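Novice: So I've got this file, target_24.txt, and it contains compact mmCIF, C-alpha atoms and all ligand atoms:
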```txt
# COMPACT_ATOMS: atom_id res chain seq x y z
CA MET R 13 23.34 -23.44 -10.57
CA THR R 14 24.76 -22.56 -13.97
CA VAL R 15 27.30 -19.81 -13.82
CA ASP R 16 26.27 -16.90 -16.00
CA PRO R 17 28.78 -16.89 -18.85
CA MET R 18 28.41 -13.13 -19.05
CA THR R 19 30.34 -11.75 -16.17
CA VAL R 20 30.34 -8.11 -15.53
CA ASP R 21 34.09 -7.94 -15.00
CA ARG R 22 35.00 -9.39 -18.35
CA PRO R 23 37.05 -7.14 -20.58
CA ASP R 24 34.87 -5.24 -23.06
CA ASP R 25 36.00 -7.20 -26.09
CA ARG R 26 34.95 -10.50 -24.47
CA ARG R 27 31.47 -9.43 -23.50
CA PRO R 28 28.47 -10.30 -25.63
CA LEU R 29 27.66 -7.57 -28.14
CA TRP R 30 24.39 -6.81 -26.39
CA PHE R 31 25.97 -6.16 -23.00
CA PHE R 32 26.63 -2.45 -22.56
CA GLY R 33 27.69 -2.45 -18.90
CA ALA R 34 26.79 0.39 -16.57
CA ILE R 35 25.45 2.91 -19.04
CA LYS R 36 22.72 5.36 -18.17
CA ARG R 37 19.16 4.82 -19.24
CA THR R 38 19.30 8.05 -21.27
CA ASP R 39 22.50 6.90 -23.02
CA ALA R 40 20.88 3.54 -23.80
CA GLU R 41 18.04 5.46 -25.43
CA LYS R 42 20.42 7.60 -27.41
CA GLN R 43 22.35 4.60 -28.71
CA LEU R 44 19.19 2.68 -29.65
CA LEU R 45 17.73 5.66 -31.47
CA TYR R 46 20.62 5.92 -33.92
CA PRO R 47 19.26 5.19 -37.42
CA GLU R 48 21.59 2.17 -37.67
CA ASN R 49 19.20 0.30 -35.36
CA GLN R 50 15.86 -1.22 -36.26
CA THR R 51 12.87 -2.40 -34.25
CA GLY R 52 13.96 -5.20 -31.96
CA ALA R 53 17.46 -3.78 -31.45
CA PHE R 54 18.30 -4.24 -27.79
CA LEU R 55 20.92 -4.03 -25.12
CA ILE R 56 21.30 -5.14 -21.54
CA ARG R 57 22.78 -2.73 -19.06
CA GLU R 58 23.44 -2.66 -15.37
CA SER R 59 20.60 -0.87 -13.65
CA GLU R 60 21.48 2.50 -12.14
CA SER R 61 18.74 2.54 -9.59
CA GLN R 62 19.07 -1.06 -8.33
CA LYS R 63 22.72 -1.99 -7.96
CA GLY R 64 23.48 -5.53 -9.08
CA ASP R 65 20.36 -5.67 -11.23
CA PHE R 66 20.12 -5.50 -14.97
CA ALA R 67 17.76 -3.77 -17.33
CA LEU R 68 16.78 -4.62 -20.87
CA SER R 69 16.31 -1.69 -23.29
CA VAL R 70 14.57 -2.46 -26.57
CA LEU R 71 13.71 -0.36 -29.60
CA ASP R 72 10.05 -0.65 -30.56
CA GLU R 73 9.44 1.45 -33.67
CA LYS R 74 10.68 4.87 -32.62
CA VAL R 75 10.35 4.32 -28.88
CA VAL R 76 12.80 2.76 -26.47
CA LYS R 77 11.24 0.59 -23.78
CA HIS R 78 12.98 -0.53 -20.64
CA TYR R 79 12.38 -3.62 -18.55
CA ARG R 80 13.89 -4.48 -15.26
CA ILE R 81 15.41 -7.94 -15.25
CA ARG R 82 14.80 -9.51 -11.89
CA ARG R 83 17.09 -11.94 -10.13
CA LEU R 84 16.23 -15.20 -8.48
CA ASP R 85 17.75 -15.77 -5.07
CA GLU R 86 19.41 -18.89 -6.48
CA GLY R 87 21.10 -16.75 -9.15
CA GLY R 88 18.84 -16.88 -12.23
CA PHE R 89 17.09 -14.12 -14.13
CA PHE R 90 13.52 -13.35 -15.14
CA LEU R 91 11.10 -10.76 -16.38
CA THR R 92 8.14 -12.82 -15.34
CA GLN R 93 8.25 -15.63 -12.85
CA ARG R 94 6.49 -17.82 -15.40
CA ARG R 95 9.78 -18.07 -17.29
CA THR R 96 13.13 -18.00 -15.57
CA PHE R 97 16.64 -18.40 -16.97
CA ALA R 98 19.91 -19.61 -15.53
CA SER R 99 21.92 -17.01 -17.41
CA LEU R 100 21.50 -13.79 -19.36
CA ASN R 101 22.64 -15.62 -22.48
CA GLU R 102 19.73 -18.04 -22.12
CA PHE R 103 17.44 -15.11 -21.43
CA VAL R 104 18.52 -13.38 -24.66
CA ASP R 105 18.32 -16.64 -26.64
CA TYR R 106 14.75 -17.16 -25.54
CA TYR R 107 13.48 -13.65 -26.29
CA THR R 108 15.13 -13.59 -29.70
CA LYS R 109 12.87 -16.53 -30.60
CA THR R 110 9.64 -15.29 -29.08
CA SER R 111 8.38 -12.01 -27.68
CA ASN R 112 6.17 -13.79 -25.11
CA GLY R 113 4.91 -10.56 -23.57
CA LEU R 114 7.79 -8.27 -24.49
CA CYS R 115 6.80 -5.37 -26.72
CA VAL R 116 8.73 -7.00 -29.59
CA GLN R 117 10.87 -10.05 -30.16
CA LEU R 118 14.55 -9.20 -29.64
CA GLY R 119 16.40 -8.58 -32.88
CA LYS R 120 20.00 -7.52 -33.33
CA PRO R 121 22.16 -6.18 -30.52
CA CYS R 122 22.23 -2.39 -30.49
CA VAL R 123 24.95 -1.02 -32.74
CA LYS R 124 27.69 0.48 -30.58
CA ILE R 125 28.34 3.96 -31.84
CA GLN R 126 31.73 5.15 -30.81
CA VAL R 127 31.57 8.90 -30.54
CA PRO R 128 34.92 9.94 -31.90
CA VAL R 129 37.00 11.80 -29.38
CA PRO R 130 38.73 14.55 -31.31
CA PHE R 131 42.43 14.77 -30.91
CA ASP R 132 42.74 17.01 -27.93
CA LEU R 133 44.88 19.96 -28.76
CA SER R 134 44.82 21.03 -25.15
CA TYR R 135 47.26 18.28 -24.16
CA LYS R 136 49.73 19.58 -26.68
CA THR R 137 49.35 23.07 -25.37
CA VAL R 138 49.33 22.50 -21.63
CA ASP R 139 52.33 24.68 -20.98
CA GLN R 140 52.28 26.57 -24.19
CA TRP R 141 48.90 28.08 -24.70
CA GLU R 142 50.04 31.14 -26.59
CA ILE R 143 50.55 29.62 -30.03
CA ASP R 144 51.88 30.97 -33.29
CA ARG R 145 48.97 32.31 -35.32
CA ASN R 146 50.60 31.02 -38.49
CA SER R 147 49.95 27.50 -37.24
CA VAL R 148 46.22 28.18 -37.54
CA GLN R 149 44.51 28.28 -40.89
CA LEU R 150 41.07 29.90 -41.06
CA LEU R 151 38.91 27.80 -43.38
CA LYS R 152 35.29 28.83 -43.18
CA ARG R 153 33.38 31.54 -41.34
CA LEU R 154 30.82 29.94 -39.05
CA GLY R 155 29.20 32.99 -37.58
CA SER R 156 29.74 36.30 -36.00
CA GLY R 157 28.94 37.67 -32.61
CA GLN R 158 29.21 41.07 -31.09
CA PHE R 159 32.93 40.63 -30.36
CA GLY R 160 34.06 39.34 -33.70
CA GLU R 161 33.83 36.30 -35.91
CA VAL R 162 33.99 32.57 -35.41
CA TRP R 163 35.82 30.42 -37.95
CA GLU R 164 36.32 26.77 -38.55
CA GLY R 165 40.08 26.38 -38.59
CA LEU R 166 42.82 23.86 -38.93
CA TRP R 167 45.72 23.79 -36.53
CA ASN R 168 49.07 22.44 -37.74
CA ASN R 169 47.27 21.12 -40.83
CA THR R 170 45.84 18.34 -38.71
CA THR R 171 43.36 19.34 -36.04
CA SER R 172 39.95 20.92 -36.62
CA VAL R 173 39.33 23.79 -34.25
CA ALA R 174 37.04 26.78 -33.81
CA VAL R 175 38.76 30.15 -33.86
CA LYS R 176 37.16 33.23 -32.39
CA THR R 177 38.74 36.34 -33.85
CA LEU R 178 38.10 39.30 -31.62
CA LYS R 179 37.40 42.82 -32.77
CA PRO R 180 40.22 45.03 -31.64
CA GLY R 181 39.21 46.88 -28.48
CA SER R 182 36.54 44.41 -27.42
CA MET R 183 38.52 43.53 -24.34
CA ASP R 184 41.56 44.44 -22.34
CA PRO R 185 44.19 41.82 -23.28
CA ASN R 186 45.48 41.63 -19.72
CA ASP R 187 42.03 40.96 -18.29
CA PHE R 188 41.50 38.36 -20.95
CA LEU R 189 44.78 36.59 -20.33
CA ARG R 190 44.04 36.37 -16.63
CA GLU R 191 40.63 34.86 -17.33
CA ALA R 192 41.92 32.57 -20.06
CA GLN R 193 44.44 31.03 -17.64
CA ILE R 194 41.55 29.90 -15.48
CA MET R 195 39.36 28.88 -18.39
CA LYS R 196 42.08 26.67 -19.73
CA SER R 197 42.30 24.75 -16.48
CA LEU R 198 38.56 23.97 -16.53
CA ARG R 199 38.11 20.61 -18.18
CA HIS R 200 34.82 18.79 -18.43
CA PRO R 201 33.05 16.86 -21.19
CA LYS R 202 30.17 19.34 -21.12
CA LEU R 203 32.29 22.48 -21.30
CA ILE R 204 33.86 23.84 -24.47
CA GLN R 205 37.55 23.32 -24.03
CA LEU R 206 39.78 26.32 -24.52
CA TYR R 207 42.84 25.04 -26.36
CA ALA R 208 45.04 28.02 -26.99
CA VAL R 209 45.19 31.73 -27.69
CA CYS R 210 47.04 34.14 -29.95
CA THR R 211 47.18 37.42 -28.10
CA LEU R 212 50.44 38.98 -29.24
CA GLU R 213 48.77 41.00 -31.96
CA ASP R 214 45.30 42.00 -33.07
CA PRO R 215 42.93 40.39 -33.72
CA ILE R 216 43.18 38.17 -30.65
CA TYR R 217 42.38 34.53 -31.46
CA ILE R 218 40.66 32.23 -29.01
CA ILE R 219 41.03 28.63 -30.13
CA THR R 220 38.55 26.10 -28.85
CA GLU R 221 37.07 22.77 -29.76
CA LEU R 222 34.82 22.83 -32.80
CA MET R 223 31.11 22.04 -32.47
CA ARG R 224 29.59 21.09 -35.80
CA HIS R 225 26.03 22.26 -35.23
CA GLY R 226 26.69 25.73 -33.85
CA SER R 227 24.67 27.44 -31.14
CA LEU R 228 21.80 25.75 -29.33
CA GLN R 229 19.63 28.79 -29.89
CA GLU R 230 19.79 28.47 -33.68
CA TYR R 231 19.61 24.70 -33.49
CA LEU R 232 16.35 24.91 -31.56
CA GLN R 233 14.93 27.64 -33.76
CA ASN R 234 15.75 25.73 -36.95
CA ASP R 235 14.05 22.61 -35.65
CA ALA R 236 11.02 24.36 -34.13
CA GLY R 237 9.65 21.04 -32.91
CA THR R 238 9.96 18.91 -36.04
CA LYS R 239 12.53 16.41 -34.80
CA ILE R 240 13.36 17.56 -31.32
CA HIS R 241 10.94 16.43 -28.64
CA LEU R 242 10.79 16.30 -24.87
CA THR R 243 13.26 13.43 -24.36
CA GLN R 244 15.94 15.31 -26.25
CA GLN R 245 15.04 18.63 -24.64
CA VAL R 246 15.45 17.12 -21.19
CA ASP R 247 18.72 15.56 -22.30
CA MET R 248 20.03 18.95 -23.49
CA ALA R 249 19.09 20.49 -20.16
CA ALA R 250 20.73 17.61 -18.25
CA GLN R 251 23.98 17.97 -20.21
CA VAL R 252 24.15 21.72 -19.62
CA ALA R 253 23.37 21.19 -15.92
CA SER R 254 26.20 18.67 -15.78
CA GLY R 255 28.70 21.18 -17.20
CA MET R 256 27.40 23.86 -14.84
CA ALA R 257 27.63 21.46 -11.86
CA TYR R 258 31.31 21.14 -12.68
CA LEU R 259 31.74 24.94 -12.74
CA GLU R 260 29.86 25.03 -9.42
CA SER R 261 32.31 22.50 -7.95
CA GLN R 262 35.20 24.69 -9.13
CA ASN R 263 33.66 27.83 -7.61
CA TYR R 264 33.50 29.39 -11.03
CA ILE R 265 30.68 31.62 -12.25
CA HIS R 266 29.56 31.69 -15.87
CA ARG R 267 27.68 35.03 -15.86
CA ASP R 268 26.15 34.65 -19.30
CA LEU R 269 24.43 31.28 -19.44
CA ALA R 270 21.90 31.26 -22.29
CA ALA R 271 21.06 29.12 -25.33
CA ARG R 272 23.25 31.38 -27.49
CA ASN R 273 26.20 30.26 -25.36
CA VAL R 274 25.57 26.53 -25.53
CA LEU R 275 26.99 24.71 -28.56
CA VAL R 276 25.78 21.58 -30.28
CA GLY R 277 28.10 18.85 -31.49
CA GLU R 278 27.49 15.61 -33.30
CA HIS R 279 25.52 12.76 -31.72
CA ASN R 280 23.45 15.08 -29.55
CA ILE R 281 26.30 16.46 -27.51
CA TYR R 282 25.73 19.85 -25.88
CA LYS R 283 28.41 21.94 -24.23
CA VAL R 284 28.54 25.18 -22.33
CA ALA R 285 30.63 27.89 -24.00
CA ASP R 286 31.87 31.38 -23.24
CA PHE R 287 32.11 30.90 -19.48
CA GLY R 288 33.91 33.70 -17.76
CA LEU R 289 34.12 35.85 -20.86
CA ALA R 290 31.26 38.12 -19.81
CA ARG R 291 33.58 39.58 -17.21
CA VAL R 292 36.22 40.67 -19.68
CA PHE R 293 34.22 41.73 -22.69
CA LYS R 294 33.19 45.28 -23.33
CA VAL R 295 29.68 44.64 -24.52
CA ASP R 296 27.73 46.58 -27.11
CA ASN R 297 24.76 44.53 -28.28
CA GLU R 298 21.88 46.67 -27.06
CA ASP R 299 19.19 44.11 -27.92
CA ILE R 300 20.39 41.63 -25.36
CA TYR R 301 22.96 43.39 -23.25
CA GLU R 302 21.37 46.53 -21.83
CA SER R 303 23.15 49.26 -19.94
CA LYS R 304 22.76 49.06 -16.23
CA HIS R 305 25.15 51.13 -14.14
CA GLU R 306 28.48 51.04 -16.01
CA THR R 307 28.21 47.46 -17.17
CA LYS R 308 25.85 45.97 -19.71
CA LEU R 309 23.84 42.89 -18.95
CA PRO R 310 21.68 40.34 -20.75
CA VAL R 311 18.83 41.57 -18.55
CA LYS R 312 16.28 38.89 -19.45
CA TRP R 313 18.71 36.15 -18.39
CA THR R 314 20.13 37.86 -15.32
CA ALA R 315 18.96 37.30 -11.75
CA PRO R 316 17.40 40.32 -10.03
CA GLU R 317 20.12 40.58 -7.35
CA ALA R 318 22.79 40.60 -10.07
CA ILE R 319 20.99 43.40 -11.91
CA ARG R 320 20.25 45.42 -8.78
CA ALA R 321 23.42 44.95 -6.77
CA ASN R 322 25.88 43.30 -9.16
CA LYS R 323 25.68 40.18 -6.97
CA PHE R 324 26.77 37.49 -9.40
CA SER R 325 27.08 34.01 -7.97
CA ILE R 326 26.51 30.45 -9.01
CA LYS R 327 22.93 31.09 -7.86
CA SER R 328 22.52 33.87 -10.42
CA ASP R 329 23.72 31.31 -12.97
CA VAL R 330 20.94 29.02 -11.70
CA TRP R 331 18.44 31.77 -12.46
CA SER R 332 19.83 32.04 -16.01
CA PHE R 333 19.59 28.26 -16.31
CA GLY R 334 15.85 28.58 -15.64
CA ILE R 335 15.62 31.01 -18.59
CA LEU R 336 17.67 28.60 -20.69
CA LEU R 337 15.11 25.87 -19.86
CA TYR R 338 12.46 28.25 -21.17
CA GLU R 339 14.44 28.68 -24.39
CA ILE R 340 14.83 24.92 -24.73
CA ILE R 341 11.16 24.12 -24.26
CA THR R 342 9.96 26.95 -26.55
CA TYR R 343 12.48 26.12 -29.32
CA GLY R 344 14.47 29.28 -28.83
CA LYS R 345 11.80 31.93 -28.20
CA MET R 346 12.89 35.24 -26.79
CA PRO R 347 11.89 35.24 -23.11
CA TYR R 348 9.44 37.97 -22.02
CA SER R 349 8.82 38.79 -25.67
CA GLY R 350 7.31 42.22 -26.17
CA MET R 351 8.68 43.50 -22.87
CA THR R 352 11.68 45.77 -22.46
CA GLY R 353 14.43 44.96 -20.00
CA ALA R 354 13.22 47.76 -17.73
CA GLN R 355 9.69 46.33 -17.71
CA VAL R 356 11.05 42.89 -16.91
CA ILE R 357 13.02 44.20 -13.96
CA GLN R 358 9.96 45.97 -12.63
CA MET R 359 7.66 42.97 -13.09
CA LEU R 360 10.12 40.54 -11.48
CA GLY R 361 10.15 42.84 -8.45
CA GLN R 362 6.40 42.23 -8.19
CA ASN R 363 6.96 38.46 -8.24
CA TYR R 364 6.00 38.07 -11.87
CA ARG R 365 7.67 35.11 -13.60
CA LEU R 366 7.62 33.77 -17.15
CA PRO R 367 4.37 31.81 -17.50
CA GLN R 368 4.27 28.10 -18.30
CA PRO R 369 4.63 27.84 -22.08
CA PRO R 370 2.07 25.78 -24.00
CA ASN R 371 3.30 22.18 -24.35
CA CYS R 372 5.64 22.58 -21.37
CA PRO R 373 4.97 19.72 -18.92
CA PRO R 374 4.32 20.90 -15.34
CA GLN R 375 7.28 18.80 -14.14
CA PHE R 376 9.61 20.77 -16.45
CA TYR R 377 8.05 24.10 -15.53
CA ASN R 378 8.48 23.31 -11.83
CA ILE R 379 12.22 23.03 -12.38
CA MET R 380 12.33 26.47 -14.04
CA TRP R 381 10.21 27.89 -11.29
CA GLU R 382 12.64 26.67 -8.61
CA CYS R 383 15.47 28.43 -10.43
CA TRP R 384 13.60 31.72 -10.17
CA ASN R 385 13.23 31.80 -6.42
CA ALA R 386 13.62 35.43 -5.35
CA GLU R 387 15.92 34.20 -2.58
CA PRO R 388 19.18 33.01 -4.21
CA LYS R 389 19.94 30.56 -1.39
CA GLU R 390 16.64 28.79 -2.00
CA ARG R 391 17.46 28.03 -5.62
CA PRO R 392 18.67 24.48 -6.27
CA THR R 393 22.32 23.65 -6.85
CA PHE R 394 23.39 22.61 -10.34
CA GLU R 395 24.26 19.23 -8.91
CA LYS R 396 20.66 18.78 -7.84
CA LEU R 397 19.35 20.12 -11.15
CA HIS R 398 21.58 17.71 -13.00
CA TRP R 399 20.26 14.68 -11.16
CA LYS R 400 16.68 15.86 -11.37
CA LEU R 401 17.00 16.11 -15.14
CA GLU R 402 18.88 12.82 -15.46
CA ASP R 403 16.10 11.12 -13.51
CA TYR R 404 13.32 13.06 -15.23
CA PHE R 405 11.81 10.01 -16.88
CA GLU R 406 12.87 7.59 -14.17
CA THR R 407 9.66 8.30 -12.30
CA ASP R 408 7.78 6.81 -15.30
CA PHE R 409 9.87 3.69 -15.11
CA SER R 410 7.48 1.24 -13.59
CA PHE R 411 9.28 -2.01 -13.03
CA ALA R 412 8.17 -5.39 -14.27
CA ASP R 413 5.83 -6.59 -11.61
CA THR R 414 5.45 -10.37 -11.39
CA ASP R 415 3.71 -11.06 -14.66
CA ASN R 416 3.45 -7.55 -16.04
CA PHE R 417 5.77 -6.15 -18.61
CA VAL R 418 6.09 -2.46 -18.63
CA ARG R 419 7.50 0.49 -20.45
P1 LIG Z 1 27.68 36.83 -28.42
O1 LIG Z 1 28.67 37.54 -29.25
O2 LIG Z 1 26.62 37.69 -27.89
O3 LIG Z 1 28.30 35.94 -27.37
P2 LIG Z 1 27.31 34.53 -29.90
O4 LIG Z 1 27.59 33.65 -28.73
O5 LIG Z 1 26.28 34.06 -30.90
O6 LIG Z 1 26.89 35.94 -29.42
P3 LIG Z 1 29.90 33.98 -30.81
O7 LIG Z 1 30.25 33.27 -29.55
O8 LIG Z 1 30.90 34.92 -31.37
O9 LIG Z 1 28.64 34.84 -30.67
O10 LIG Z 1 29.51 32.89 -31.89
C1 LIG Z 1 28.94 33.20 -33.14
C2 LIG Z 1 28.43 31.95 -33.81
O11 LIG Z 1 29.52 31.12 -34.19
C3 LIG Z 1 27.62 31.07 -32.85
O12 LIG Z 1 26.27 31.45 -32.89
C4 LIG Z 1 27.85 29.67 -33.40
O13 LIG Z 1 26.91 29.40 -34.42
C5 LIG Z 1 29.24 29.76 -33.99
N1 LIG Z 1 30.23 29.18 -33.02
C6 LIG Z 1 30.75 29.76 -31.93
N2 LIG Z 1 31.64 28.96 -31.32
C7 LIG Z 1 31.69 27.83 -32.03
C8 LIG Z 1 32.41 26.58 -31.92
N3 LIG Z 1 33.27 26.35 -30.90
N4 LIG Z 1 32.17 25.62 -32.83
C9 LIG Z 1 31.30 25.84 -33.83
N5 LIG Z 1 30.59 26.97 -34.01
C10 LIG Z 1 30.77 27.97 -33.13
```
Once more with this new file: its structure as structure tokens, please.
Specialist:
Amino acid sequence: MTVDPMTVDRPDDRRPLWFFGAIKRTDAEKQLLYPENQTGAFLIRESESQKGDFALSVLDEKVVKHYRIRRLDEGGFFLTQRRTFASLNEFVDYYTKTSNGLCVQLGKPCVKIQVPVPFDLSYKTVDQWEIDRNSVQLLKRLGSGQFGEVWEGLWNNTTSVAVKTLKPGSMDPNDFLREAQIMKSLRHPKLIQLYAVCTLEDPIYIITELMRHGSLQEYLQNDAGTKIHLTQQVDMAAQVASGMAYLESQNYIHRDLAARNVLVGEHNIYKVADFGLARVFKVDNEDIYESKHETKLPVKWTAPEAIRANKFSIKSDVWSFGILLYEIITYGKMPYSGMTGAQVIQMLGQNYRLPQPPNCPPQFYNIMWECWNAEPKERPTFEKLHWKLEDYFETDFSFADTDNFVR
């Protein structure tokens, strides 16, 4: 038996360019869909579903196709038993010369896009999160919300950051500081990282990582279905669910999960923002946040038990996540459009739920529906939602069966 020259434990720089290791199917798709790649671009990855197996992902026009590479008991590899190979190198050699049943002949290895990791200000500010406001330069106004403005800024003349400048009186500084302590300790690739604050004078500054494409709500509305399609919509949902699963594991509640509070970075990165802030803000946007008792709530996103009895929990966040899925699939439509908050509350009490939007696949709608179970305990966990969304297309993944190549 020939030993496969490509061993999984080789250091990265000694692996063939086409070997991407244990990356997810969705990440393989993302990488192959970068415009740097052309039809025939391919990679081999370790299969997630079948440990020890490999999968081939190939770009065919604008679609990525996946094939399971099977293993011979004696140690070789094949897609079809008609043609077997002693090593993955031989396998790749062969299919770069002929397609022989593959959707296309293999071309160049997929270009490895290294998503730049911005210099993480939070390490510099671990113990010192109150920073001197003179170290932050405000460069460009990115938007404004009900509590103030958001600016692109530069910290210490080196690091790009987002700076939220808060309207005086929009929160009690002590409440905020208490919450910010916790927010700062929450670290996850799908959560906007709080770097530092300037609270010693007004306006309070909240300094976070910068996300180039702004809020998911506007991003969806601007696209309105031109470039963004189901694969990317499911990916957005999976990334948000991943960030929320982390909050769930930390026993932290968001309280205002909605597309307006998800931010979009480069290379299709989505992150959850503004977690925990709903508790400290004094809200006055009547369109979204309606008065209910003494507090104001984004009624159309809020679970019935949270509206009725102020029972916020990770399960009320799951309800909001269902509404966020609705926003994602409708390209940022207002949920329950034409209805007032009061009407929504009344209708939900009669078991009414948002109907399945046109073009929303039943499988996607089922996930929303589960999030809107009247009984909070019956709603899925974010961990489960995350995996469901990660595996959304996995059910389509029919494996190469003896002589059949498949998508
Ligand atoms: P609300 O005030 O109701 O929470 P909002 O979330 O839209 O509404 P902000 O959080 O103040 O308000 O944000 C205003 C806008 O600024 C956002 O819509 C987004 O486009 C932009 N923005 C906010 N945070 C960032 C960030 N970290 N990076 C880049 N842009 C941001």
Novice: Check every protein, DNA and RNA residue against ligand LIG 1 (chain Z), keep those with an atom at most 7 Å away (counting only C-alpha atoms and all ligand atoms), and present them as an MDAnalysis selection string.
Specialist: chainID R and resid 154:162 164 174 176 204 220:227 272:273 275 286
Novice: Which residue, R:Gly255, R:Gly237, R:Gly288, R:Pro373, has the smallest gap to Gly344 of chain R when you use only C-alpha atoms?
Specialist: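 Result for the nearest residue to Gly344 of chain R: R:Gly237.
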Novice: Between atom CA of His78 of chain R and atom CA of Phe394 of chain R, measure the distance and give it in Å to one decimal.
Specialist: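 Interatomic distance, atom CA of His78 of chain R to atom CA of Phe394 of chain R: 27.4 Å.
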Novice: How many Å lie between atom CA of Asp72 of chain R and atom CA of Ile341 of chain R, rounded to one decimal?
Specialist: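 Going from atom CA of Asp72 of chain R over to atom CA of Ile341 of chain R covers 25.6 Å.
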Novice: Quick one: residues within 9 Å of (21.0, 4.2, -18.0) (file frame), counting only C-alpha atoms, please, as a ChimeraX atom specification.
Specialist: /R:34-41,57-61,67
Novice: Keeping C-alpha atoms for every residue in the selection just given, could you write it to a file as a JSON list (two decimals), in the coordinates of the input?
Specialist:
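The file below, out.json, is the result:
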```
[["chain", "number", "residue", "atom", "x", "y", "z"],
["R", 34, "ALA", "CA", 26.79, 0.39, -16.57],
["R", 35, "ILE", "CA", 25.45, 2.91, -19.04],
["R", 36, "LYS", "CA", 22.72, 5.36, -18.17],
["R", 37, "ARG", "CA", 19.16, 4.82, -19.24],
["R", 38, "THR", "CA", 19.30, 8.05, -21.27],
["R", 39, "ASP", "CA", 22.50, 6.90, -23.02],
["R", 40, "ALA", "CA", 20.88, 3.54, -23.80],
["R", 41, "GLU", "CA", 18.04, 5.46, -25.43],
["R", 57, "ARG", "CA", 22.78, -2.73, -19.06],
["R", 58, "GLU", "CA", 23.44, -2.66, -15.37],
["R", 59, "SER", "CA", 20.60, -0.87, -13.65],
["R", 60, "GLU", "CA", 21.48, 2.50, -12.14],
["R", 61, "SER", "CA", 18.74, 2.54, -9.59],
["R", 67, "ALA", "CA", 17.76, -3.77, -17.33]]
```
Novice: Which one of R:Ser69, R:Glu402, R:Asn101, R:Tyr343 sits closest to Thr238 of chain R if you count all atoms listed in the file?
Specialist: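 Checking each candidate against Thr238 of chain R, we get R:Tyr343 as the closest.
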Novice: Between R:Ser261, R:Val116, R:Thr243, R:Leu228, which has the minimum distance to Ile281 of chain R (counting all atoms listed in the file)?
Specialist: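 Checking each candidate against Ile281 of chain R, we get R:Leu228 as the closest.
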Novice: Please list as an NGL selection string every residue within 12 Å of Tyr338 of chain R, counting all atoms listed in the file and excluding residues in the same chain fewer than 6 positions away.
Specialist: :R and (229 or 232 or 245-246 or 249 or 270-271 or 312-313 or 331-332 or 344-348 or 365-373 or 376-381 or 383-384)
Novice: Write the residues of the selection above to a file with C-alpha atoms, as a tab-separated table (two decimals), keeping the file's coordinate frame.
Specialist:
```tsv
chain	number	residue	atom	x	y	z
R	229	GLN	CA	19.63	28.79	-29.89
R	232	LEU	CA	16.35	24.91	-31.56
R	245	GLN	CA	15.04	18.63	-24.64
R	246	VAL	CA	15.45	17.12	-21.19
R	249	ALA	CA	19.09	20.49	-20.16
R	270	ALA	CA	21.90	31.26	-22.29
R	271	ALA	CA	21.06	29.12	-25.33
R	312	LYS	CA	16.28	38.89	-19.45
R	313	TRP	CA	18.71	36.15	-18.39
R	331	TRP	CA	18.44	31.77	-12.46
R	332	SER	CA	19.83	32.04	-16.01
R	344	GLY	CA	14.47	29.28	-28.83
R	345	LYS	CA	11.80	31.93	-28.20
R	346	MET	CA	12.89	35.24	-26.79
R	347	PRO	CA	11.89	35.24	-23.11
R	348	TYR	CA	9.44	37.97	-22.02
R	365	ARG	CA	7.67	35.11	-13.60
R	366	LEU	CA	7.62	33.77	-17.15
R	367	PRO	CA	4.37	31.81	-17.50
R	368	GLN	CA	4.27	28.10	-18.30
R	369	PRO	CA	4.63	27.84	-22.08
R	370	PRO	CA	2.07	25.78	-24.00
R	371	ASN	CA	3.30	22.18	-24.35
R	372	CYS	CA	5.64	22.58	-21.37
R	373	PRO	CA	4.97	19.72	-18.92
R	376	PHE	CA	9.61	20.77	-16.45
R	377	TYR	CA	8.05	24.10	-15.53
R	378	ASN	CA	8.48	23.31	-11.83
R	379	ILE	CA	12.22	23.03	-12.38
R	380	MET	CA	12.33	26.47	-14.04
R	381	TRP	CA	10.21	27.89	-11.29
R	383	CYS	CA	15.47	28.43	-10.43
R	384	TRP	CA	13.60	31.72	-10.17
```
Novice: Taking (46.0, 28.1, -19.4) in the file's coordinates, which residues come within 8 Å, counting all atoms listed in the file, written as a short mmCIF file (atom, residue, chain, number, x, y, z; two decimals) with C-alpha atoms, keeping the file's coordinate frame?
Specialist:
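Generated file (part04.cif):
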```cif
data_model
loop_
_atom_site.label_atom_id
_atom_site.label_comp_id
_atom_site.auth_asym_id
_atom_site.auth_seq_id
_atom_site.Cartn_x
_atom_site.Cartn_y
_atom_site.Cartn_z
CA VAL R 138 49.33 22.50 -21.63
CA ASP R 139 52.33 24.68 -20.98
CA TRP R 141 48.90 28.08 -24.70
CA ALA R 192 41.92 32.57 -20.06
CA GLN R 193 44.44 31.03 -17.64
CA ILE R 194 41.55 29.90 -15.48
CA MET R 195 39.36 28.88 -18.39
CA LYS R 196 42.08 26.67 -19.73
CA SER R 197 42.30 24.75 -16.48
CA ALA R 208 45.04 28.02 -26.99
#
```
